[in-house]
file structure28.txt (compact mmCIF, C-alpha atoms)
# COMPACT_ATOMS: atom_id res chain seq x y z
CA MET A 828 0.00 0.00 0.00
CA ASP A 829 1.40 3.38 -1.06
CA TYR A 830 0.96 5.35 2.16
CA THR A 831 2.66 8.49 0.86
CA ARG A 832 0.11 8.89 -1.90
CA ILE A 833 -2.77 8.07 0.43
CA LEU A 834 -1.63 10.51 3.12
CA ILE A 835 -1.10 13.30 0.56
CA SER A 836 -4.61 12.67 -0.78
CA ILE A 837 -6.09 12.79 2.72
CA PHE A 838 -4.20 15.97 3.50
CA ILE A 839 -5.49 17.68 0.34
CA MET A 840 -9.08 16.58 1.01
CA ALA A 841 -8.88 17.83 4.60
CA ALA A 842 -7.23 21.14 3.69
CA LEU A 843 -9.73 21.94 0.93
CA THR A 844 -12.71 21.02 3.10
CA TYR A 845 -11.38 23.18 5.92
CA ILE A 846 -10.66 26.18 3.68
CA ILE A 847 -14.19 26.03 2.23
CA ARG A 848 -15.64 26.16 5.75
CA MET A 849 -13.20 28.70 7.12
CA VAL A 850 -13.13 31.42 4.44
CA PRO A 851 -16.66 32.83 4.98
CA MET A 852 -16.34 32.34 8.75
CA VAL A 853 -13.11 34.34 9.04
CA PHE A 854 -13.29 36.87 6.21
CA PHE A 855 -16.96 37.71 6.14
CA LYS A 856 -17.81 39.43 9.38
CA LYS A 857 -20.12 42.15 8.13
CA LYS A 858 -23.82 41.73 8.76
CA ILE A 859 -25.73 41.56 5.49
CA LYS A 860 -28.28 44.37 5.13
CA ASN A 861 -29.91 43.56 1.77
CA ILE A 862 -33.26 41.98 2.66
CA TYR A 863 -33.25 39.57 -0.29
CA ILE A 864 -29.80 38.17 0.51
CA LYS A 865 -30.60 38.14 4.21
CA SER A 866 -33.88 36.29 3.60
CA PHE A 867 -32.10 33.89 1.28
CA LEU A 868 -29.53 33.02 3.95
CA ASP A 869 -32.29 32.69 6.57
CA TYR A 870 -34.19 30.24 4.39
CA VAL A 871 -31.12 28.16 3.46
CA PRO A 872 -31.12 25.97 6.62
CA TYR A 873 -34.74 24.94 6.15
CA ALA A 874 -34.19 24.19 2.48
CA VAL A 875 -31.06 22.17 3.33
CA LEU A 876 -32.89 20.20 6.02
CA GLY A 877 -35.84 19.42 3.77
CA ALA A 878 -33.54 18.26 0.99
CA MET A 879 -31.47 16.10 3.32
CA THR A 880 -34.46 14.43 4.94
CA PHE A 881 -36.59 13.65 1.90
CA PRO A 882 -36.76 11.15 0.44
CA GLU A 883 -33.73 9.68 2.27
CA ILE A 884 -35.59 9.02 5.56
CA LEU A 885 -37.72 6.39 3.80
CA TYR A 886 -34.64 4.44 2.70
CA SER A 887 -32.44 4.99 5.76
CA THR A 888 -33.53 1.88 7.66
CA SER A 889 -33.85 -1.74 6.62
CA SER A 890 -37.30 -1.26 5.07
CA MET A 891 -39.47 1.52 3.66
CA ILE A 892 -42.27 0.61 6.07
CA ALA A 893 -40.00 1.11 9.08
CA GLY A 894 -38.76 4.38 7.57
CA GLY A 895 -42.34 5.50 6.91
CA ILE A 896 -43.48 4.73 10.46
CA ALA A 897 -40.44 6.53 11.86
CA LEU A 898 -41.32 9.52 9.66
CA ALA A 899 -44.93 9.54 10.87
CA VAL A 900 -43.87 9.35 14.52
CA ALA A 901 -41.33 12.15 14.04
CA LEU A 902 -43.84 14.41 12.26
CA LEU A 903 -46.47 13.87 14.94
CA LEU A 904 -44.14 14.54 17.88
CA ALA A 905 -42.52 17.50 16.13
CA PHE A 906 -45.97 18.95 15.44
CA PHE A 907 -46.55 18.99 19.20
CA LYS A 908 -43.15 20.62 19.68
CA LYS A 909 -41.36 17.83 21.47
CA GLY A 910 -37.59 18.35 21.81
CA LEU A 911 -35.00 17.26 19.25
CA LEU A 912 -33.73 14.33 21.29
CA THR A 913 -37.25 13.05 22.11
CA VAL A 914 -38.35 13.16 18.49
CA SER A 915 -35.11 11.64 17.28
CA LEU A 916 -35.04 8.73 19.74
CA SER A 917 -38.78 8.03 19.36
CA ALA A 918 -38.36 7.79 15.60
CA THR A 919 -35.41 5.44 16.08
CA ALA A 920 -37.40 3.26 18.49
CA ALA A 921 -40.37 3.25 16.09
CA ALA A 922 -38.13 2.11 13.22
CA TYR A 923 -36.54 -0.60 15.36
CA ILE A 924 -39.85 -1.96 16.71
CA THR A 925 -41.50 -1.84 13.28
CA GLN A 926 -38.62 -3.81 11.81
CA LYS A 927 -38.87 -6.40 14.61
CA VAL A 928 -42.62 -6.77 14.00
CA ILE A 929 -42.09 -7.12 10.24
CA ASP A 930 -39.38 -9.75 10.80
CA TYR A 931 -41.69 -11.62 13.19
CA ILE A 932 -44.60 -11.62 10.71
CA ILE A 933 -42.42 -12.71 7.79
CA LYS A 934 -40.96 -15.57 9.81
CA MET B 269 -15.63 22.80 38.02
CA LYS B 270 -18.91 24.17 36.76
CA LEU B 271 -19.65 23.61 33.12
CA ASP B 272 -20.77 26.58 31.08
CA LYS B 273 -24.51 26.58 30.33
CA ASP B 274 -24.05 27.32 26.64
CA PHE B 275 -21.50 24.52 26.37
CA VAL B 276 -23.88 22.04 28.04
CA ASN B 277 -26.75 23.13 25.77
CA GLY B 278 -24.44 22.57 22.83
CA LEU B 279 -23.54 19.09 24.07
CA LYS B 280 -27.22 18.18 24.45
CA ALA B 281 -28.08 19.45 20.99
CA GLY B 282 -25.18 17.37 19.67
CA ILE B 283 -26.44 14.01 21.02
CA PRO B 284 -28.84 13.19 18.15
CA ILE B 285 -26.21 14.27 15.63
CA ALA B 286 -23.60 12.07 17.32
CA LEU B 287 -25.97 9.07 17.25
CA GLY B 288 -26.74 9.60 13.59
CA TYR B 289 -23.03 10.03 12.80
CA LEU B 290 -22.18 6.85 14.67
CA SER B 291 -24.29 4.78 12.30
CA VAL B 292 -23.32 6.65 9.13
CA SER B 293 -19.58 6.56 9.88
CA PHE B 294 -19.91 2.93 10.94
CA ALA B 295 -21.04 2.21 7.40
CA PHE B 296 -18.18 4.35 6.07
CA GLY B 297 -15.68 2.36 8.17
CA ILE B 298 -16.98 -0.94 6.82
CA THR B 299 -16.84 0.28 3.22
CA ALA B 300 -13.36 1.75 3.53
CA SER B 301 -11.86 -1.31 5.21
CA ASN B 302 -13.54 -3.60 2.68
CA GLY B 303 -11.72 -1.52 0.06
CA GLY B 304 -8.43 -2.39 1.78
CA LEU B 305 -7.65 0.70 3.87
CA PRO B 306 -6.38 0.13 7.45
CA ALA B 307 -8.46 1.36 10.38
CA TRP B 308 -6.03 4.14 11.37
CA ILE B 309 -6.24 5.63 7.87
CA ASN B 310 -10.04 5.55 7.99
CA GLY B 311 -10.05 7.16 11.44
CA LEU B 312 -7.62 9.81 10.22
CA ILE B 313 -9.85 10.58 7.23
CA SER B 314 -12.90 10.96 9.47
CA LEU B 315 -11.08 13.12 12.01
CA THR B 316 -9.56 15.49 9.45
CA ASN B 317 -12.42 15.68 6.95
CA LEU B 318 -15.57 15.37 9.08
CA THR B 319 -17.87 15.11 6.10
CA SER B 320 -19.84 12.18 4.74
CA ALA B 321 -20.25 12.40 0.98
CA GLY B 322 -16.84 14.00 0.48
CA GLN B 323 -15.07 11.21 2.35
CA VAL B 324 -16.90 8.39 0.61
CA ALA B 325 -16.08 9.85 -2.80
CA GLY B 326 -12.49 10.57 -1.69
CA VAL B 327 -11.89 7.01 -0.50
CA GLN B 328 -13.29 5.62 -3.74
CA LEU B 329 -10.87 7.78 -5.72
CA ILE B 330 -7.94 6.88 -3.45
CA LEU B 331 -8.66 3.17 -3.93
CA GLU B 332 -8.94 3.66 -7.71
CA LYS B 333 -5.53 5.38 -7.61
CA ALA B 334 -7.10 8.45 -9.18
CA PRO B 335 -4.84 11.46 -9.81
CA ILE B 336 -4.64 13.88 -6.90
CA ILE B 337 -6.09 16.73 -8.96
CA SER B 338 -9.24 14.68 -9.50
CA ILE B 339 -9.49 14.03 -5.75
CA ALA B 340 -9.08 17.77 -5.13
CA ILE B 341 -11.76 18.82 -7.65
CA THR B 342 -14.24 16.21 -6.40
CA THR B 343 -13.72 17.27 -2.77
CA PHE B 344 -14.21 20.89 -3.72
CA ILE B 345 -17.42 20.28 -5.69
CA ILE B 346 -19.03 18.05 -3.07
CA ASN B 347 -18.13 20.34 -0.16
CA ILE B 348 -18.69 23.77 -1.69
CA ARG B 349 -22.09 23.85 0.04
CA TYR B 350 -20.31 24.45 3.36
CA MET B 351 -19.38 27.89 2.09
CA LEU B 352 -23.05 28.83 1.96
CA MET B 353 -23.60 27.36 5.44
CA SER B 354 -20.64 29.20 6.99
CA LEU B 355 -21.85 32.41 5.39
CA SER B 356 -25.35 31.88 6.77
CA LEU B 357 -24.08 30.95 10.24
CA VAL B 358 -21.62 33.83 10.56
CA GLN B 359 -24.61 36.19 10.40
CA LYS B 360 -25.80 34.88 13.75
CA MET B 361 -22.50 35.02 15.59
CA GLY B 362 -21.86 37.50 18.35
CA LYS B 363 -19.02 39.88 19.10
CA ASP B 364 -17.23 37.23 21.20
CA MET B 365 -15.98 35.53 18.03
CA THR B 366 -12.24 36.10 17.99
CA LEU B 367 -10.11 34.85 15.09
CA LYS B 368 -8.99 31.79 17.06
CA ARG B 369 -12.60 30.84 17.83
CA ARG B 370 -13.65 31.31 14.22
CA LEU B 371 -10.76 29.10 13.09
CA LEU B 372 -11.76 26.39 15.57
CA ILE B 373 -15.48 26.50 14.80
CA SER B 374 -14.82 26.37 11.03
CA TYR B 375 -13.52 22.82 11.50
CA GLY B 376 -16.92 21.62 12.68
CA ILE B 377 -19.34 23.06 10.11
CA THR B 378 -21.23 20.04 8.77
CA ASP B 379 -24.74 19.89 7.29
CA GLU B 380 -26.21 18.71 10.57
CA ILE B 381 -24.22 20.92 12.94
CA PHE B 382 -25.06 23.89 10.76
CA ALA B 383 -28.74 22.96 10.79
CA VAL B 384 -28.92 22.73 14.57
CA ALA B 385 -26.82 25.86 15.15
CA SER B 386 -28.87 27.94 12.73
CA GLN B 387 -32.13 27.22 14.50
CA GLN B 388 -30.83 28.59 17.81
CA LYS B 389 -32.69 31.65 18.98
CA GLY B 390 -30.65 34.84 19.04
CA ILE B 391 -26.86 35.03 19.03
CA ILE B 392 -24.75 31.87 18.78
CA THR B 393 -21.85 31.76 21.26
CA HIS B 394 -18.53 30.02 20.73
CA LYS B 395 -19.08 27.80 23.78
CA PHE B 396 -22.36 26.54 22.36
CA MET B 397 -20.58 25.71 19.11
CA TYR B 398 -17.74 23.88 20.92
CA GLY B 399 -20.31 21.77 22.80
CA LEU B 400 -22.32 21.16 19.65
CA ILE B 401 -19.28 20.04 17.65
CA LEU B 402 -17.62 17.81 20.29
CA LEU B 403 -19.94 14.78 20.49
CA PRO B 404 -20.59 14.51 16.73
CA VAL B 405 -16.81 14.46 16.13
CA ILE B 406 -16.40 11.69 18.72
CA GLY B 407 -19.34 9.81 17.21
CA TRP B 408 -18.02 10.26 13.69
CA VAL B 409 -14.48 9.06 14.45
CA SER B 410 -15.40 6.23 16.82
CA GLY B 411 -18.12 4.97 14.44
CA THR B 412 -15.52 4.87 11.68
CA LEU B 413 -13.07 2.91 13.86
CA ILE B 414 -15.71 0.45 15.07
CA GLY B 415 -16.90 -0.11 11.51
CA SER B 416 -13.30 -0.60 10.31
CA PHE B 417 -12.31 -3.04 13.05
CA ALA B 418 -15.41 -5.13 13.24
CA GLY B 419 -18.40 -4.48 11.08
CA ASN B 420 -20.36 -7.16 12.86
CA ILE B 421 -20.18 -6.25 16.56
CA LEU B 422 -23.46 -4.32 16.65
CA PRO B 423 -26.59 -6.11 15.45
CA MET B 424 -27.34 -4.84 11.94
CA ASP B 425 -30.99 -4.04 12.66
CA LEU B 426 -29.92 -1.71 15.46
CA VAL B 427 -27.46 0.04 13.15
CA ALA B 428 -30.21 0.39 10.56
CA ALA B 429 -32.66 1.86 13.07
CA LEU B 430 -30.03 4.27 14.45
CA SER B 431 -29.55 5.78 11.04
CA VAL B 432 -33.06 7.23 11.23
CA ALA B 433 -32.11 9.21 14.38
CA ILE B 434 -30.61 12.02 12.42
CA TYR B 435 -33.63 12.44 10.14
CA GLY B 436 -35.94 12.44 13.16
CA MET B 437 -33.91 15.32 14.49
CA PHE B 438 -34.19 17.23 11.22
CA ILE B 439 -37.95 16.87 11.30
CA ALA B 440 -38.04 18.17 14.87
CA ILE B 441 -36.17 21.24 13.61
CA ILE B 442 -38.24 21.88 10.48
CA VAL B 443 -41.79 21.38 11.68
CA PRO B 444 -42.25 24.04 14.42
CA PRO B 445 -41.13 27.04 12.27
CA CYS B 446 -43.25 25.69 9.38
CA LYS B 447 -46.30 25.79 11.65
CA GLN B 448 -45.63 29.45 12.36
CA SER B 449 -44.53 30.74 9.00
CA PHE B 450 -46.10 30.00 5.62
CA ALA B 451 -42.94 31.25 3.90
CA CYS B 452 -40.85 28.70 5.76
CA MET B 453 -43.22 25.87 4.89
CA PHE B 454 -43.22 27.00 1.27
CA VAL B 455 -39.40 26.91 1.11
CA VAL B 456 -39.27 23.46 2.73
CA ILE B 457 -41.88 22.01 0.36
CA ILE B 458 -40.14 23.41 -2.74
CA SER B 459 -36.85 22.01 -1.51
CA ILE B 460 -38.34 18.57 -0.81
CA ALA B 461 -40.00 18.52 -4.23
CA ILE B 462 -36.71 19.29 -6.01
CA SER B 463 -34.86 16.79 -3.84
CA CYS B 464 -37.35 14.06 -4.78
CA LEU B 465 -37.13 14.95 -8.48
CA LEU B 466 -33.35 14.69 -8.37
CA TYR B 467 -33.59 11.43 -6.43
CA TYR B 468 -36.17 9.62 -8.51
CA ILE B 469 -35.48 10.79 -12.06
CA PRO B 470 -32.62 8.66 -13.41
CA ILE B 471 -31.04 11.35 -15.64
CA PHE B 472 -30.25 13.41 -12.53
CA LYS B 473 -28.22 10.58 -10.93
CA SER B 474 -24.99 12.08 -12.24
CA ILE B 475 -25.55 15.29 -10.29
CA SER B 476 -26.69 13.64 -7.06
CA ASN B 477 -23.65 15.06 -5.24
CA TRP B 478 -24.98 18.52 -6.06
CA SER B 479 -28.45 17.79 -4.79
CA ILE B 480 -28.27 19.67 -1.47
CA ILE B 481 -26.82 22.85 -2.90
CA ILE B 482 -29.21 22.83 -5.88
CA CYS B 483 -32.24 22.42 -3.59
CA ALA B 484 -30.96 25.05 -1.16
CA VAL B 485 -30.23 27.69 -3.79
CA ILE B 486 -33.48 27.25 -5.73
CA ALA B 487 -35.84 26.87 -2.76
CA ALA B 488 -34.28 29.59 -0.60
CA GLY B 489 -33.97 31.81 -3.70
CA ILE B 490 -37.65 31.52 -4.58
CA GLY B 491 -38.52 32.02 -0.90
CA ALA B 492 -36.43 35.17 -0.69
CA LEU B 493 -37.96 36.62 -3.86
CA LEU B 494 -41.56 35.87 -2.89
CA PHE B 495 -41.29 36.42 0.86
CA PRO B 496 -38.45 38.81 1.65
CA LYS B 497 -38.39 39.55 5.35
CA LYS B 498 -38.64 43.06 6.66
CA ALA B 499 -35.59 44.59 8.31
CA ASP B 500 -35.56 43.02 11.76
CA GLU B 501 -38.09 40.29 11.26
CA ASP B 502 -36.71 36.88 12.13
CA MET B 503 -39.03 33.90 12.21
CA GLU B 504 -37.00 32.04 14.82
CA ASP B 505 -37.30 34.91 17.25
CA ASN B 506 -41.07 35.17 17.09
CA PRO B 507 -42.73 34.54 20.44
CA GLU B 508 -44.70 31.33 20.48
call {"tool": "encode", "arguments": {"input": "structure28.txt", "output": "structure tokens"}}
result
Amino acid sequence: MDYTRILISIFIMAALTYIIRMVPMVFFKKKIKNIYIKSFLDYVPYAVLGAMTFPEILYSTSSMIAGGIALAVALLLAFFKKGLLTVSLSATAAAYITQKVIDYIIK
Amino acid sequence: MKLDKDFVNGLKAGIPIALGYLSVSFAFGITASNGGLPAWINGLISLTNLTSAGQVAGVQLILEKAPIISIAITTFIINIRYMLMSLSLVQKMGKDMTLKRRLLISYGITDEIFAVASQQKGIITHKFMYGLILLPVIGWVSGTLIGSFAGNILPMDLVAALSVAIYGMFIAIIVPPCKQSFACMFVVIISIAISCLLYYIPIFKSISNWSIIICAVIAAGIGALLFPKKADEDMEDNPE
């Protein structure tokens, strides 16, 4: 195994990734005043979250049914403003239990 | 010693991210060691890169003995979205952000950490960010090592269920502001619609690494044009 090449590759990946994250953080300290740009940046997190969650949540566990049940549980609890950890762990438990039930029925 | 309140709040907010990372990086560890990389290399990649898609693509290219320039360009393209996230986050940071703190926090800007940080009410402090970043980093690196050493220690159905933890957390973040603000719900729905189009329509497979940034730019762009916020209006700060 050519460790020199591998380590150089890892170093370049890490350096580039860090620079991308660091440049706006260090060099862009001014508050943005333009309402369109400001609104755009305010909406970005919600757009990012939506895009990351759907449709991936349905395929994240061992079956779409388990993913779907987890999604339903998360939506319901989030609608009633339960905390992040509660919603997250309940969805995980729902996916796990659903999968166990499915396995039991199939067997 | 008394722990700082912001730091503790950051730690708590980081737990679901850490759990999600554990299962994702576990899968990364298995894949990378199946490809022939030793565990310490995989752990090093996770510790220094702290990013999912970028690492997976990077490891593939390393194993294919791809030229370094190709590794560099791929990393840049997949991770360019962090620039937008840093830019968005820096708007919410207070006056306590010295250069050293900015340099440290920059290391930990991931999709998930950004998402949680950006939904904090008011100013984000450096201690909150340190707390928020710490557990996910531990989860990310240890998951990678566990996956590399022994992919079959944890029962697979538990690993599968744990991977939903992170999405559950996202939903807990998205839903409350969507209940309050039509504009927010509109942006989320547009973004989800584009994400699904990119996911399900085969011709878009080649740009799947661009999916998040495409969805973010289009959905947030349309939202900003249709629903620009007035000067000091901030939907997260609205009283409930």
call {"tool": "residues_around", "arguments": {"input": "structure28.txt", "residues": "stretch 489-497 of chain B", "least_positions_apart": "3", "cutoff": "10 Å", "atoms": "only C-alpha atoms", "output": "compact mmCIF listing (two decimals) with C-alpha atoms, keeping the file's coordinate frame"}}
result
# COMPACT_ATOMS: atom_id res chain seq x y z
CA ASN A 861 -29.91 43.56 1.77
CA ILE A 862 -33.26 41.98 2.66
CA TYR A 863 -33.25 39.57 -0.29
CA ILE A 864 -29.80 38.17 0.51
CA LYS A 865 -30.60 38.14 4.21
CA SER A 866 -33.88 36.29 3.60
CA PHE A 867 -32.10 33.89 1.28
CA LEU A 868 -29.53 33.02 3.95
CA ASP A 869 -32.29 32.69 6.57
CA TYR A 870 -34.19 30.24 4.39
CA VAL A 871 -31.12 28.16 3.46
CA ALA A 874 -34.19 24.19 2.48
CA PHE B 450 -46.10 30.00 5.62
CA ALA B 451 -42.94 31.25 3.90
CA CYS B 452 -40.85 28.70 5.76
CA MET B 453 -43.22 25.87 4.89
CA PHE B 454 -43.22 27.00 1.27
CA VAL B 455 -39.40 26.91 1.11
CA VAL B 456 -39.27 23.46 2.73
CA ILE B 458 -40.14 23.41 -2.74
CA CYS B 483 -32.24 22.42 -3.59
CA ALA B 484 -30.96 25.05 -1.16
CA VAL B 485 -30.23 27.69 -3.79
CA ILE B 486 -33.48 27.25 -5.73
CA ASP B 500 -35.56 43.02 11.76
CA GLU B 501 -38.09 40.29 11.26
CA ASP B 502 -36.71 36.88 12.13
CA MET B 503 -39.03 33.90 12.21
call {"tool": "residues_around", "arguments": {"input": "structure28.txt", "residues": "B:Asp272", "least_positions_apart": "6", "cutoff": "10 Å", "atoms": "only C-alpha atoms", "output": "list in words"}}
result
Gly278, Lys395, Phe396 and Gly399 of chain B
call {"tool": "residues_around", "arguments": {"input": "structure28.txt", "residues": "stretch 904-920 of chain A", "least_positions_apart": "5", "cutoff": "12 Å", "atoms": "only C-alpha atoms", "output": "JSON, numbers by chain"}}
result
{"A": [884, 885, 887, 888, 889, 893, 894, 895, 896, 897, 898, 899, 925, 926, 927], "B": [279, 280, 281, 282, 283, 284, 285, 286, 287, 288, 291, 383, 384, 387, 425, 426, 427, 428, 429, 430, 431, 432, 433, 434, 435, 436, 437, 438, 439, 440, 441, 442, 443, 444, 445, 446, 447, 448, 508]}
call {"tool": "atom_distance", "arguments": {"input": "structure28.txt", "atom1": "atom CA of A:Ile932", "atom2": "atom CA of A:Met891"}}
result
15.8 Å
call {"tool": "atom_distance", "arguments": {"input": "structure28.txt", "atom1": "atom CA of B:Asn347", "atom2": "atom CA of A:Asp829"}}
result
25.9 Å
call {"tool": "closest_residue", "arguments": {"input": "structure28.txt", "among": "A:Ala842, A:Val850, A:Leu876, A:Ala921", "to": "A:Val900", "atoms": "all atoms listed in the file"}}
result
A:Ala921
call {"tool": "closest_residue", "arguments": {"input": "structure28.txt", "among": "A:Ile892, A:Tyr886, A:Ile929, A:Met849", "to": "chain B", "atoms": "only C-alpha atoms"}}
result
A:Met849
call {"tool": "closest_residue", "arguments": {"input": "structure28.txt", "among": "B:Ser356, B:Thr393, B:Thr343, B:Ser386", "to": "B:Arg369", "atoms": "only C-alpha atoms"}}
result
B:Thr393
call {"tool": "closest_residue", "arguments": {"input": "structure28.txt", "among": "A:Ile846, A:Ala841, A:Leu903, A:Ile835", "to": "chain B", "atoms": "all atoms listed in the file"}}
result
A:Ala841
call {"tool": "atom_distance", "arguments": {"input": "structure28.txt", "atom1": "atom CA of B:Ser320", "atom2": "atom CA of B:Ser293"}}
result
7.6 Å
call {"tool": "closest_residue", "arguments": {"input": "structure28.txt", "among": "B:Leu466, B:Ile377, B:Leu400, B:Met365", "to": "chain A", "atoms": "only C-alpha atoms"}}
result
B:Ile377
call {"tool": "closest_residue", "arguments": {"input": "structure28.txt", "among": "A:Ser890, A:Thr880, A:Lys858, A:Pro851", "to": "A:Val928", "atoms": "all atoms listed in the file"}}
result
A:Ser890
